[in-house]
Amino acid sequence: MPRDPKITPITRHEPRTFYATRVTRTRHGEVWDLWSVDDGRRVGFLSVVDDQHAVYALASVKRGTPHEEVADLVEGLFTPTSTDAVHREMVISDYDEEPGILESDIRPEG
């Protein structure tokens, strides 16, 4: 059975501590939610922009989530054969409490 293209395993880390589901994709980037393998809870997010010169990745993960596993995920999603970018920059930050979600209405009034 083919793998759902919105769900990706992390193949270079065993045992895996999280998996990723793609939230959205544009021509130049993707946003992924990261979920715990153990209990299915959300452990963070990953946002990646590929401007064809560099791949920029920003992740925020629950403290204790292995940063190496996040880096492996980015490298697996944006392989040298899938991008013209020659540089990869990653910023991975930890959080202790679940971050708040702010919503705003971006539709023009009137």
# chains A, B, ... in the order shown; residues from 1 in each chain; ligands from 1

call {"tool": "residues_around", "arguments": {"residues": "A:Glu98", "least_positions_apart": "4", "cutoff": "12 Å", "atoms": "only C-alpha atoms", "output": "list in words"}}
result
Arg41, Arg42, Val43, Gly44, Phe45, Ser60, Val61, Lys62, Arg63 and Asp94 of chain A

call {"tool": "select_by_dssp", "arguments": {"residues": "stretch 7-98 of chain A", "states": "helix (DSSP H, G or I)", "output": "list of chain:residue names"}}
result
A:His67, A:Glu68, A:Glu69, A:Val70, A:Ala71, A:Asp72, A:Leu73, A:Val74, A:Glu75, A:Gly76, A:Leu77

call {"tool": "closest_atom_pairs", "arguments": {"of": "stretch 29-100 of chain A", "to": "stretch 13-19 of chain A", "cutoff": "7 Å", "atoms": "only C-alpha atoms", "output": "Markdown table"}}
result
| residue | atom | partner | partner_atom | distance |
| --- | --- | --- | --- | --- |
| A:Leu34 | CA | A:Tyr19 | CA | 5.7 |
| A:Trp35 | CA | A:Phe18 | CA | 5.1 |
| A:Ser36 | CA | A:Phe18 | CA | 4.3 |
| A:Val37 | CA | A:Phe18 | CA | 4.9 |
| A:Glu69 | CA | A:His13 | CA | 6.4 |

call {"tool": "write_last_selection", "arguments": {"atoms": "N, CA and C atoms", "output": "PDB file, in the first residue's frame"}}
result
ATOM      1  N   LEU A  34       4.192  17.906  14.161  1.00  0.00           N
ATOM      2  CA  LEU A  34       4.972  16.781  14.659  1.00  0.00           C
ATOM      3  C   LEU A  34       4.211  16.133  15.804  1.00  0.00           C
ATOM      4  N   TRP A  35       4.083  14.793  15.757  1.00  0.00           N
ATOM      5  CA  TRP A  35       3.247  14.052  16.699  1.00  0.00           C
ATOM      6  C   TRP A  35       4.056  12.952  17.379  1.00  0.00           C
ATOM      7  N   SER A  36       3.835  12.755  18.658  1.00  0.00           N
ATOM      8  CA  SER A  36       4.517  11.728  19.426  1.00  0.00           C
ATOM      9  C   SER A  36       4.083  10.338  18.963  1.00  0.00           C
ATOM     10  N   VAL A  37       5.050   9.454  18.775  1.00  0.00           N
ATOM     11  CA  VAL A  37       4.738   8.072  18.431  1.00  0.00           C
ATOM     12  C   VAL A  37       4.096   7.371  19.627  1.00  0.00           C
ATOM     13  N   GLU A  69      16.656  14.346  15.322  1.00  0.00           N
ATOM     14  CA  GLU A  69      15.554  13.728  14.589  1.00  0.00           C
ATOM     15  C   GLU A  69      14.838  14.761  13.724  1.00  0.00           C
TER      16      GLU A  69
END

call {"tool": "select_by_dssp", "arguments": {"residues": "chain A", "states": "strand (DSSP E)", "output": "PyMOL selection string"}}
result
chain A and resi 7-8+18-25+29-36+42-50+54-62+87-95

call {"tool": "closest_residue", "arguments": {"among": "A:Ile92, A:Ile106, A:Val48, A:Val31", "to": "A:Pro66", "atoms": "only C-alpha atoms"}}
result
A:Ile92

call {"tool": "residues_around", "arguments": {"residues": "A:Asp51", "least_positions_apart": "3", "cutoff": "10 Å", "atoms": "only C-alpha atoms", "output": "list of chain:residue names"}}
result
A:Arg27, A:His28, A:Gly29, A:Val48, A:Ala54, A:Val55, A:Tyr56, A:Thr83, A:Asp84, A:Ala85
